[in-house]
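Trainee: Sharing a structure, written as C-alpha cells. Questions coming.
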Amino acid sequence: MIRLTTSLMRAAIAAIVVSLSLANSALAQRVNISNESSGTRFHLGGRTWISLPSDRKYIQHRHWTRSNAGGQVDLEVRPYNVLYLQSESAESQVFLSEGACSFYQNIGGAIQLHPSNAATRSCSIYTSTALVVPNGTALFVIVTPEGTATRQGTFVGVLSNSATVTALDGVTISEDNTIDATGVGATVEVEAGQLAFASIEGTVDVLGEFSLREFHESNLRSRGLGPEDADTAYINQLESEYSQRIYQAVREETIAAILEQEERNPFINEELPTIDELLDQFPNGNDDFDGDLNSELGDVQQTGEGPGDPGNGPVDEPVDEPVDEPVDEPVGIVNDPPNQEPVQNILE
C-alpha cells in the first residue's frame, strides 16, 4: 500500500483546486445565446458551421457567430455585462481573456450595449479598418465590404455617451491567443449622435451628427432603446432576465441622449439629417457614400469574399453546411471564417 505524505496530499489537492478553478473560470467567461432566430450558425473550431442544441446555448473564446438572412441573434458576454446585438447577415468572432473582452466584426452590423454603472469594462470591437473602444453605453458598428453600394470600411454611430475610433490597416492573432491591431493610425472621439467612418485607406473622420430619435424609430435592431411604449414592451417580452437588465439600464442613457440632443434646439429633428442624408453630403470622387445605412441600415450587396479572418494563416475552409449537433470543442480555435454569402439588410 502506498501512503501519501501530507505534503503530497496537499499538492494533489492544490492541483485539483487549480484545475477546478480554471474550469470554472472558462465556464464563467462565455457568451450566452439569447433571442436567436432561425438562420443563425456557429463555428466552434471544427469543419462545419452548426446550429446549437437547446441544452448548449453558449459559445466561448474565439468562436464565430453568423446570422444569416433573417437570423439576428443577441450575444450575452458574461461576466462583462455586455450585450452584442448582431444583426441580419453579419459575422463576428468573440475573444475572452482575464478582465477583458473583444469582438472581431468581420462583416455586417451590430449594436453593443453596456451599462455605464457596471463594474466591468465594455468589449472593444475590432474590424479590418478600425478599433472601436466604447466610453459609454450604446453604439452601432457596420462593416461594409469591397464591392458594396457604399464605401468600403467601418461606420460607427454612437447612441449614448461616446467612443474612440482608431484607424487600422488590419488585425492579427498574438502568441497569447488574443487579437491585436496592426498599422494603428489616427484616433477620433465620437459623441452621442455622431457618425464616424474608418476607410480602407487608413483614414478616420467624424462625418457629422444624425437624429437619434429618427434612428430609433427607423431601425428594428434598436428596439428597446427608444422612448416609446413599444420599446418597453419589447424589453418585457425578452426571455433572458440578463438581457432585460442590460436593456433597462442602457435605455435610460439612450433616452437621455435623445433629450439632450433635442434640448439644444427644439426643432433639431427637423434640422438634423438622417444617416443616409448625412452620407449624401460627403461625396468622394466617383466613390460616394451611397446606399442605405439608415432605415434598414442595409441594402449592401457583396461581391466576392469578405476581408477575411485575423488569423495567423490559412486552414481548411469549413464546409458551409449546418448540422444538428455541435462540434465537441469547449474552446474553439478558428483561423478562417467561411466563404461569404451576399450581405443584405445589415442592421434592422
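Here's how to read the names in the C-alpha cells: chain A, B, ... by the order shown, residue numbers from 1 in each chain, ligand numbers from 1 in the order shown.
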At most 10 Å is the cut-off: for each residue in region 185-289 of chain A with any atom that close to an atom of region 31-35 of chain A, write down the nearest atom pair and the distance in Å rounded to one decimal, counting only C-alpha atoms, chain first then increasing number, as JSON lines.
Mentor:
{"residue": "A:Leu238", "atom": "CA", "partner": "A:Asn35", "partner_atom": "CA", "distance": 7.2}
{"residue": "A:Glu239", "atom": "CA", "partner": "A:Asn35", "partner_atom": "CA", "distance": 7.5}
{"residue": "A:Ser240", "atom": "CA", "partner": "A:Ser34", "partner_atom": "CA", "distance": 6.8}
{"residue": "A:Tyr242", "atom": "CA", "partner": "A:Ser34", "partner_atom": "CA", "distance": 9.6}
{"residue": "A:Ser243", "atom": "CA", "partner": "A:Ser34", "partner_atom": "CA", "distance": 8.2}
Trainee: Write out as a PyMOL selection string which residues come within 7 Å of Asn81 (chain A) when counting only C-alpha atoms, dropping same-chain ones fewer than 4 positions away.
Mentor: chain A and resi 77+114+118+120
Trainee: Could the residues in this selection be saved with C-alpha atoms as a CSV table (one decimal), in the first residue's frame?
Mentor:
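Contents of the output file out31.csv:
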chain,number,residue,atom,x,y,z
A,77,VAL,CA,-21.0,38.4,-22.9
A,114,HIS,CA,-23.0,48.1,-21.7
A,118,ALA,CA,-21.3,48.3,-14.4
A,120,THR,CA,-16.7,45.7,-15.8
Trainee: Find the residue from A:Arg62, A:Arg213, A:Arg47, A:Arg151 that sits nearest to Leu259 (chain A); use only C-alpha atoms when measuring.
Mentor: A:Arg213
Trainee: Using only C-alpha atoms, pick whichever of A:Val184, A:Leu75, A:Val206, A:Ile255 has the shortest atom-to-atom distance to Val171 (chain A).
Mentor: A:Val184
Trainee: Enumerate as an MDAnalysis selection string all residues of region 129-253 of chain A assigned to helix (DSSP H, G or I) by DSSP on the backbone, naming them with the chain letters and numbers the document uses.
Mentor: chainID A and resid 212:218 220:222 229:237 241:253
Trainee: Report as number ranges by chain all protein, DNA and RNA residues lying within 8 Å of Gln261 (chain A), evaluated on only C-alpha atoms, omitting residues in the same chain fewer than 4 positions from it.
Mentor: A: 193, 212, 257, 265, 268
Trainee: Could the residues in this selection be saved with N, CA and C atoms as an mmCIF file, in the first residue's frame?
Mentor:
data_model
loop_
_atom_site.group_PDB
_atom_site.id
_atom_site.type_symbol
_atom_site.label_atom_id
_atom_site.label_comp_id
_atom_site.auth_asym_id
_atom_site.auth_seq_id
_atom_site.Cartn_x
_atom_site.Cartn_y
_atom_site.Cartn_z
ATOM 1 N N GLY A 193 -24.840 60.699 -31.076
ATOM 2 C CA GLY A 193 -25.476 61.310 -32.232
ATOM 3 C C GLY A 193 -24.532 61.564 -33.386
ATOM 4 N N LEU A 212 -30.953 61.136 -33.413
ATOM 5 C CA LEU A 212 -31.064 59.920 -32.603
ATOM 6 C C LEU A 212 -32.494 59.401 -32.554
ATOM 7 N N ALA A 257 -29.786 60.728 -24.025
ATOM 8 C CA ALA A 257 -29.041 61.273 -25.168
ATOM 9 C C ALA A 257 -29.987 61.912 -26.182
ATOM 10 N N ASN A 265 -31.925 72.357 -29.386
ATOM 11 C CA ASN A 265 -32.745 73.062 -30.354
ATOM 12 C C ASN A 265 -34.085 72.347 -30.430
ATOM 13 N N ILE A 268 -34.670 70.399 -33.596
ATOM 14 C CA ILE A 268 -33.451 69.734 -34.058
ATOM 15 C C ILE A 268 -33.729 68.540 -34.963
#
Trainee: Tell me, in Å to one decimal, how far CA of Ala230 (chain A) is from CA of Asp74 (chain A).
Mentor: 18.8 Å
Trainee: Just the residues within 10 Å of Glu217 (chain A), please, counting only C-alpha atoms, with nothing from its chain fewer than 3 positions along; format it as a list in words.
Mentor: Leu212, Arg213, Glu214, Leu220, Ser222, Arg223, Leu225, Gly226, Pro227, Glu228, Asp231 and Ser295 of chain A
Trainee: Please determine, counting only C-alpha atoms, which residue among A:Thr254, A:Gln93, A:Thr40, A:Gln248 has the shortest atom-to-atom distance to His61 (chain A).
Mentor: A:Gln93
Trainee: Could you name the residues that touch Thr166 (chain A) at 6 Å or less, counting only C-alpha atoms, but leaving out those on the same chain fewer than 5 positions away, as an MDAnalysis selection string?
Mentor: chainID A and resid 130:131 186:187
Trainee: Could you write out the selected residues, including N, CA, C and O atoms, as a short mmCIF file (atom, residue, chain, number, x, y, z; two decimals), in the first residue's frame?
Mentor:
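The resulting file, out22.cif, is shown below:
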data_model
loop_
_atom_site.label_atom_id
_atom_site.label_comp_id
_atom_site.auth_asym_id
_atom_site.auth_seq_id
_atom_site.Cartn_x
_atom_site.Cartn_y
_atom_site.Cartn_z
N ALA A 130 -10.75 49.36 -38.30
CA ALA A 130 -10.96 50.22 -37.14
C ALA A 130 -10.90 49.44 -35.83
O ALA A 130 -11.20 48.25 -35.78
N LEU A 131 -10.51 50.15 -34.78
CA LEU A 131 -10.64 49.69 -33.40
C LEU A 131 -11.60 50.64 -32.71
O LEU A 131 -11.35 51.86 -32.66
N ALA A 186 -4.71 57.32 -36.99
CA ALA A 186 -5.32 58.42 -36.22
C ALA A 186 -6.50 57.91 -35.41
O ALA A 186 -7.10 56.88 -35.70
N THR A 187 -6.84 58.68 -34.35
CA THR A 187 -7.97 58.37 -33.48
C THR A 187 -8.90 59.58 -33.41
O THR A 187 -8.43 60.72 -33.33
#
Trainee: For the atom pair CA of Pro273 (chain A) and CA of Gly109 (chain A), what is the interatomic distance in Å to one decimal place?
Mentor: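 Calculated distance between CA of Pro273 (chain A) and CA of Gly109 (chain A) is 20.7 Å.
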Trainee: Suppose you want the space between CA of Leu83 (chain A) and CA of Gln112 (chain A); what is it in Å?
Mentor: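 Going from CA of Leu83 (chain A) over to CA of Gln112 (chain A), I get 5.8 Å.
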Trainee: When distances are computed from only C-alpha atoms, which of A:Asn161, A:Ser128, A:Gln29, A:Asn106 shows the smallest separation from Ala198 (chain A)?
Mentor: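 Among the listed residues, A:Ser128 lies closest to Ala198 (chain A).
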Trainee: Could you give me the residues within region 141-261 of chain A that DSSP places in strand (DSSP E), as a ChimeraX atom specification?
Mentor: /A:141-144,153-160,162-167,170-173,179-182,187-191,194-199,204-209
Trainee: Name the residues in contact with Ala100 (chain A) at a cut-off of 12 Å, using only C-alpha atoms, excluding same-chain residues fewer than 3 positions from it; report them as a PyMOL selection string.
Mentor: chain A and resi 29-30+61+77-82+94-97+103+120-125+133+178-179
Trainee: From the set A:Gly39, A:Arg56, A:Gly46, A:Glu253, which residue has the shortest atom-to-atom contact distance to Val73 (chain A), counting only C-alpha atoms?
Mentor: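 Among the listed residues, the smallest separation from Val73 (chain A) belongs to A:Gly39.
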